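Here the structure is laid out as structure tokens; the discussion comes afterwards.
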Amino acid sequence: MTRQSWQILRVMALAWLVAGLPADAAGFSTTPSDFQQFQAKIIDHQSRLNPKFKKVPRKQTLYVIVHTSELGLSATLRVVARGKRLKSGRSTPGGHANYVIARDGTTYRMVNKRFRADHAGLSMWNGRQDISSVSIGIELVGYHNAPLTDAQYRSVGLLIKILQKVYGLSDPAVLTHSQVAFGRPNPWFSKDHRGRKRCAKNFDRDRAGLGPTVDQDPDVRAGRLLPDPYLADLFYAPGPAVAARVAATGPVPGLISKERTAWAIAGEEYDCSTTVYVLPNGRRLAGDQIADAMGWHLLPVNTRVLLNQEERHAENPAPENPIKRITDRMTAWSHAGPAYKFDSTIYFLPFGAVQPGSRIFDWDDLPLNTRLIVGYQGPFVITGNKTAYRIAGQKYKARTTVYYLPPGQVKTGAEISNFGRLPKGTQLYLPIDSLPPG
Ligand SMILES: [Zn+2]
């Protein structure tokens, strides 16, 4: 065949693909060239797959499953391609999604859509288990209790429309991982039940150009699974769509309340060593320590739950350095949880700017090596007659007192040797639970 006839075939194939795609897919106007551009820009990451991953063609494709990765971009790409560490200490062989969509909308192909990606784990829909074997998995970089971006909705909307066309899938065939995952009995459920995952529960179908999901959970209706009350209300109760309900979820997400158990917040990660519980008195316990230390039903209200914490937080550890750092593994969210955008979370940007969380809008571009402190008041500016001691009292040398020294240093009181030589404009920050300076 000549090059020219190839060219004609290609154009015809694209025209076929795009014909029948609604013009307003993804809630905004899309043209055939949008689909072409989107497809041309997908970054192929299949060469990064763990060589231990076995490529098995799927026999059937019944669903598209949307996930939130609960990690930053580079950690998501690494874990999806290379695998993750399990509680047992063993590792998985990777291949945990067919696609990853970054917060700027960049889309990565991780496992060719023909092959089974290992993304849904213990799962059931309409009586059928092992949903990974009959679905395509899409990971959105982000968290189930923080907003996804417009760019992500645009990309995922286009990608889903393309997959629907290729596999003949209706809108109700697009589901979130939280809808299809199920769990074995645990301290909160006596039988197999929904709610093992909170994954992508914040996915706003409207913004992805999708119609509503099904009216009822088919496996709960058939008595195969117990419902998860929180998710059942979110997905199937009549009334406003998911997005509006997520926004109205009363208490701060990530804080334990009477209605929101550890399970409701962390799902199956509730007892992992990487899930950290910060009790209202400041005590930190890892998920795998709670059962022995106090029992799940005694976790106090307002305990903060942090997911995907990197290091093990032993009980009574050496006092922790309050100055955290944003890295490609640790985002603002993984350090601060829902407090990431509070006034009391202070960010020290690498170029010298200082901003409270409430004043930062471009979370996706927060530079690496930005430092932050969580639960602080300030700044108290040090001057000739307002010394560190006048502001902080005995605590001026404490490890919990934080100083910003222009043009860009951040140190604790314990790290400063000469308080007589602080640069002009030095700022002091105190934990909010310490006495207000008088
Ligand atoms: Zn998931």
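Residue numbering restarts at 1 for every chain of the structure tokens, chains are lettered A, B, ... in their displayed order, and ligands are numbered from 1 as they appear.
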
Distance table requested - chain A against ligand 1, cut-off 9 Å, only C-alpha atoms and all ligand atoms: one row per qualifying residue with the closest atom pair and its distance in Å to one decimal, ordered by chain and rising residue number, as JSON lines.
```
{"residue": "A:Ile65", "atom": "CA", "partner": "ligand 1", "partner_atom_place_in_ligand_line": "1 (Zn)", "distance": 8.3}
{"residue": "A:Val66", "atom": "CA", "partner": "ligand 1", "partner_atom_place_in_ligand_line": "1 (Zn)", "distance": 7.1}
{"residue": "A:His67", "atom": "CA", "partner": "ligand 1", "partner_atom_place_in_ligand_line": "1 (Zn)", "distance": 4.2}
{"residue": "A:Thr68", "atom": "CA", "partner": "ligand 1", "partner_atom_place_in_ligand_line": "1 (Zn)", "distance": 5.9}
{"residue": "A:Ser69", "atom": "CA", "partner": "ligand 1", "partner_atom_place_in_ligand_line": "1 (Zn)", "distance": 6.6}
{"residue": "A:Glu70", "atom": "CA", "partner": "ligand 1", "partner_atom_place_in_ligand_line": "1 (Zn)", "distance": 8.7}
{"residue": "A:His119", "atom": "CA", "partner": "ligand 1", "partner_atom_place_in_ligand_line": "1 (Zn)", "distance": 6.6}
{"residue": "A:Ala120", "atom": "CA", "partner": "ligand 1", "partner_atom_place_in_ligand_line": "1 (Zn)", "distance": 6.3}
{"residue": "A:Gly121", "atom": "CA", "partner": "ligand 1", "partner_atom_place_in_ligand_line": "1 (Zn)", "distance": 8.5}
{"residue": "A:Gly137", "atom": "CA", "partner": "ligand 1", "partner_atom_place_in_ligand_line": "1 (Zn)", "distance": 8.6}
{"residue": "A:Ile138", "atom": "CA", "partner": "ligand 1", "partner_atom_place_in_ligand_line": "1 (Zn)", "distance": 8.8}
{"residue": "A:Glu139", "atom": "CA", "partner": "ligand 1", "partner_atom_place_in_ligand_line": "1 (Zn)", "distance": 7.3}
{"residue": "A:Thr176", "atom": "CA", "partner": "ligand 1", "partner_atom_place_in_ligand_line": "1 (Zn)", "distance": 7.7}
{"residue": "A:His177", "atom": "CA", "partner": "ligand 1", "partner_atom_place_in_ligand_line": "1 (Zn)", "distance": 4.9}
{"residue": "A:Ser178", "atom": "CA", "partner": "ligand 1", "partner_atom_place_in_ligand_line": "1 (Zn)", "distance": 7.0}
{"residue": "A:Ala181", "atom": "CA", "partner": "ligand 1", "partner_atom_place_in_ligand_line": "1 (Zn)", "distance": 8.4}
{"residue": "A:Lys197", "atom": "CA", "partner": "ligand 1", "partner_atom_place_in_ligand_line": "1 (Zn)", "distance": 6.8}
{"residue": "A:Arg198", "atom": "CA", "partner": "ligand 1", "partner_atom_place_in_ligand_line": "1 (Zn)", "distance": 7.8}
{"residue": "A:Cys199", "atom": "CA", "partner": "ligand 1", "partner_atom_place_in_ligand_line": "1 (Zn)", "distance": 4.7}
{"residue": "A:Ala200", "atom": "CA", "partner": "ligand 1", "partner_atom_place_in_ligand_line": "1 (Zn)", "distance": 7.0}
```

message: With only C-alpha atoms as the counted atoms, please give the residues lying no more than 10 Å from A:Gly195, apart from itself and same-chain residues fewer than 2 positions off, as a PyMOL selection string.
response: chain A and resi 177-183+192-193+197-199+226-232+263-264+266-268

Take the residues that were just selected and, keeping C-alpha atoms, output them as a short mmCIF file (atom, residue, chain, number, x, y, z; two decimals), in the first residue's frame.
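part.cif, written as the output of this step:
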```
data_model
loop_
_atom_site.label_atom_id
_atom_site.label_comp_id
_atom_site.auth_asym_id
_atom_site.auth_seq_id
_atom_site.Cartn_x
_atom_site.Cartn_y
_atom_site.Cartn_z
CA HIS A 177 -13.22 1.95 42.44
CA SER A 178 -15.15 2.84 45.60
CA GLN A 179 -18.33 1.59 43.91
CA VAL A 180 -16.94 -1.83 42.95
CA ALA A 181 -14.47 -2.71 45.72
CA PHE A 182 -15.72 -4.86 48.57
CA GLY A 183 -14.22 -5.95 51.87
CA ASP A 192 -18.71 -9.02 53.17
CA HIS A 193 -19.48 -5.39 52.50
CA LYS A 197 -12.10 1.72 49.14
CA ARG A 198 -12.97 5.43 49.14
CA CYS A 199 -11.12 5.67 45.86
CA LEU A 226 -23.77 -5.15 53.10
CA PRO A 227 -23.98 -1.50 52.10
CA ASP A 228 -21.50 1.08 53.30
CA PRO A 229 -23.90 3.74 54.62
CA TYR A 230 -21.69 6.67 53.71
CA LEU A 231 -20.98 5.56 50.14
CA ALA A 232 -24.55 4.38 49.59
CA TRP A 263 -12.80 2.93 58.23
CA ALA A 264 -14.88 5.64 56.61
CA ALA A 266 -9.01 5.28 55.35
CA GLY A 267 -10.91 2.29 53.98
CA GLU A 268 -8.80 -0.83 53.95
#
```

query: Quick one: distance from atom CA of A:Thr327 to atom CA of A:Ala146 in Å, one decimal?
result: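 About the pair atom CA of A:Thr327 and atom CA of A:Ala146: they are 18.8 Å apart.
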
task: Could you tell me which of A:Asp34, A:Glu259, A:Glu415, A:Asp130 comes closest to A:Ala398 if we count only C-alpha atoms?
output: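 The closest residue to A:Ala398 is A:Glu415.
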
- request: Using DSSP on the backbone coordinates, identify all residues within stretch 95-318 of chain A classified as helix (DSSP H, G or I); present the result as a PyMOL selection string.
  value: chain A and resi 131-134+150-167+171-173+177-180+206-208+218-221+229-236+242-247+262-271+287-293+296-298

task: Quick one: everything within 10 Å of A:Arg48, counting only C-alpha atoms, minus sequence neighbours fewer than 6 positions away in the same chain. Send it as a list of chain:residue names.
output: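 So, after excluding close chain neighbours, the residues are A:Leu77, A:Arg78, A:Val80, A:Ala81, A:Arg82, A:Gly94, A:Gly95, A:Met110, A:Val111.
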
Since we have the selection now, will you write its residues out, keeping N, CA and C atoms, as a compact mmCIF listing (two decimals), in the first residue's frame?
```txt
# COMPACT_ATOMS: atom_id res chain seq x y z
N LEU A 77 3.24 7.27 39.18
CA LEU A 77 3.81 6.60 38.00
C LEU A 77 4.68 5.42 38.43
N ARG A 78 5.44 5.62 39.49
CA ARG A 78 6.33 4.55 39.93
C ARG A 78 5.53 3.35 40.45
N VAL A 80 2.36 2.53 39.96
CA VAL A 80 1.54 1.89 38.93
C VAL A 80 2.41 1.03 38.02
N ALA A 81 3.60 1.53 37.67
CA ALA A 81 4.46 0.77 36.75
C ALA A 81 5.22 -0.35 37.45
N ARG A 82 5.75 -0.04 38.63
CA ARG A 82 6.71 -0.97 39.24
C ARG A 82 6.12 -1.85 40.33
N GLY A 94 3.48 -4.67 39.71
CA GLY A 94 3.14 -3.46 38.95
C GLY A 94 2.00 -3.69 37.97
N GLY A 95 1.88 -2.74 37.03
CA GLY A 95 0.77 -2.81 36.07
C GLY A 95 -0.57 -2.53 36.73
N MET A 110 0.04 3.26 30.64
CA MET A 110 0.90 2.44 31.49
C MET A 110 0.88 0.98 31.03
N VAL A 111 -0.31 0.50 30.66
CA VAL A 111 -0.50 -0.88 30.19
C VAL A 111 -1.45 -0.76 29.00
```

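Backbone DSSP over stretch 307-403 of chain A gives strand (DSSP E) for Lys324, Arg325, Thr345, Ile346, Tyr347, Phe348, Val354, Gln355, Pro356, Arg371, Leu372, Ile373, Val374, Tyr376, Gln377, Gly378, Pro379, Phe380, Val381, Val402 and Tyr403 of chain A.
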
Write to file, as a PDB file, in the first residue's frame, the residues of the selection just made, with N, CA and C atoms.
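The new file part.pdb reads:
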```pdb
ATOM      1  N   LYS A 324       8.391  20.423  57.744  1.00  0.00           N
ATOM      2  CA  LYS A 324       8.241  19.374  56.737  1.00  0.00           C
ATOM      3  C   LYS A 324       8.703  19.905  55.385  1.00  0.00           C
ATOM      4  N   ARG A 325       8.938  18.980  54.485  1.00  0.00           N
ATOM      5  CA  ARG A 325       9.442  19.369  53.166  1.00  0.00           C
ATOM      6  C   ARG A 325       8.620  18.685  52.083  1.00  0.00           C
ATOM      7  N   THR A 345      -1.441  26.483  58.500  1.00  0.00           N
ATOM      8  CA  THR A 345      -0.364  25.753  57.816  1.00  0.00           C
ATOM      9  C   THR A 345       0.429  26.793  57.031  1.00  0.00           C
ATOM     10  N   ILE A 346       1.699  26.938  57.385  1.00  0.00           N
ATOM     11  CA  ILE A 346       2.504  28.012  56.798  1.00  0.00           C
ATOM     12  C   ILE A 346       3.506  27.389  55.830  1.00  0.00           C
ATOM     13  N   TYR A 347       3.572  27.950  54.638  1.00  0.00           N
ATOM     14  CA  TYR A 347       4.467  27.448  53.590  1.00  0.00           C
ATOM     15  C   TYR A 347       5.626  28.411  53.387  1.00  0.00           C
ATOM     16  N   PHE A 348       6.820  27.870  53.345  1.00  0.00           N
ATOM     17  CA  PHE A 348       8.029  28.661  53.071  1.00  0.00           C
ATOM     18  C   PHE A 348       8.527  28.219  51.703  1.00  0.00           C
ATOM     19  N   VAL A 354       6.690  33.572  51.903  1.00  0.00           N
ATOM     20  CA  VAL A 354       6.026  32.858  52.990  1.00  0.00           C
ATOM     21  C   VAL A 354       4.526  33.062  52.828  1.00  0.00           C
ATOM     22  N   GLN A 355       3.752  31.968  52.824  1.00  0.00           N
ATOM     23  CA  GLN A 355       2.300  32.061  52.603  1.00  0.00           C
ATOM     24  C   GLN A 355       1.560  31.087  53.507  1.00  0.00           C
ATOM     25  N   PRO A 356       0.455  31.536  54.098  1.00  0.00           N
ATOM     26  CA  PRO A 356      -0.394  30.547  54.773  1.00  0.00           C
ATOM     27  C   PRO A 356      -1.173  29.734  53.743  1.00  0.00           C
ATOM     28  N   ARG A 371       9.017  24.227  52.239  1.00  0.00           N
ATOM     29  CA  ARG A 371       8.878  23.672  53.586  1.00  0.00           C
ATOM     30  C   ARG A 371       7.560  24.151  54.184  1.00  0.00           C
ATOM     31  N   LEU A 372       7.056  23.406  55.126  1.00  0.00           N
ATOM     32  CA  LEU A 372       5.805  23.828  55.745  1.00  0.00           C
ATOM     33  C   LEU A 372       5.750  23.402  57.201  1.00  0.00           C
ATOM     34  N   ILE A 373       4.946  24.146  57.962  1.00  0.00           N
ATOM     35  CA  ILE A 373       4.681  23.788  59.352  1.00  0.00           C
ATOM     36  C   ILE A 373       3.166  23.756  59.525  1.00  0.00           C
ATOM     37  N   VAL A 374       2.687  22.796  60.287  1.00  0.00           N
ATOM     38  CA  VAL A 374       1.238  22.562  60.394  1.00  0.00           C
ATOM     39  C   VAL A 374       0.795  22.873  61.821  1.00  0.00           C
ATOM     40  N   TYR A 376       0.330  26.152  63.222  1.00  0.00           N
ATOM     41  CA  TYR A 376       1.139  27.239  63.778  1.00  0.00           C
ATOM     42  C   TYR A 376       0.417  28.583  63.719  1.00  0.00           C
ATOM     43  N   GLN A 377       0.798  29.486  64.624  1.00  0.00           N
ATOM     44  CA  GLN A 377       0.356  30.865  64.578  1.00  0.00           C
ATOM     45  C   GLN A 377       1.561  31.760  64.344  1.00  0.00           C
ATOM     46  N   GLY A 378       1.304  32.878  63.719  1.00  0.00           N
ATOM     47  CA  GLY A 378       2.386  33.814  63.394  1.00  0.00           C
ATOM     48  C   GLY A 378       2.120  34.450  62.057  1.00  0.00           C
ATOM     49  N   PRO A 379       3.006  35.243  61.517  1.00  0.00           N
ATOM     50  CA  PRO A 379       4.352  35.491  62.027  1.00  0.00           C
ATOM     51  C   PRO A 379       4.377  36.542  63.151  1.00  0.00           C
ATOM     52  N   PHE A 380       5.315  36.341  64.101  1.00  0.00           N
ATOM     53  CA  PHE A 380       5.670  37.372  65.061  1.00  0.00           C
ATOM     54  C   PHE A 380       7.044  37.872  64.632  1.00  0.00           C
ATOM     55  N   VAL A 381       7.099  39.139  64.256  1.00  0.00           N
ATOM     56  CA  VAL A 381       8.353  39.652  63.708  1.00  0.00           C
ATOM     57  C   VAL A 381       9.253  40.125  64.847  1.00  0.00           C
ATOM     58  N   VAL A 402       9.447  27.828  65.596  1.00  0.00           N
ATOM     59  CA  VAL A 402      10.041  27.851  64.253  1.00  0.00           C
ATOM     60  C   VAL A 402      10.371  29.280  63.855  1.00  0.00           C
ATOM     61  N   TYR A 403      11.545  29.455  63.268  1.00  0.00           N
ATOM     62  CA  TYR A 403      12.015  30.762  62.821  1.00  0.00           C
ATOM     63  C   TYR A 403      12.191  30.781  61.319  1.00  0.00           C
TER      64      TYR A 403
END
```
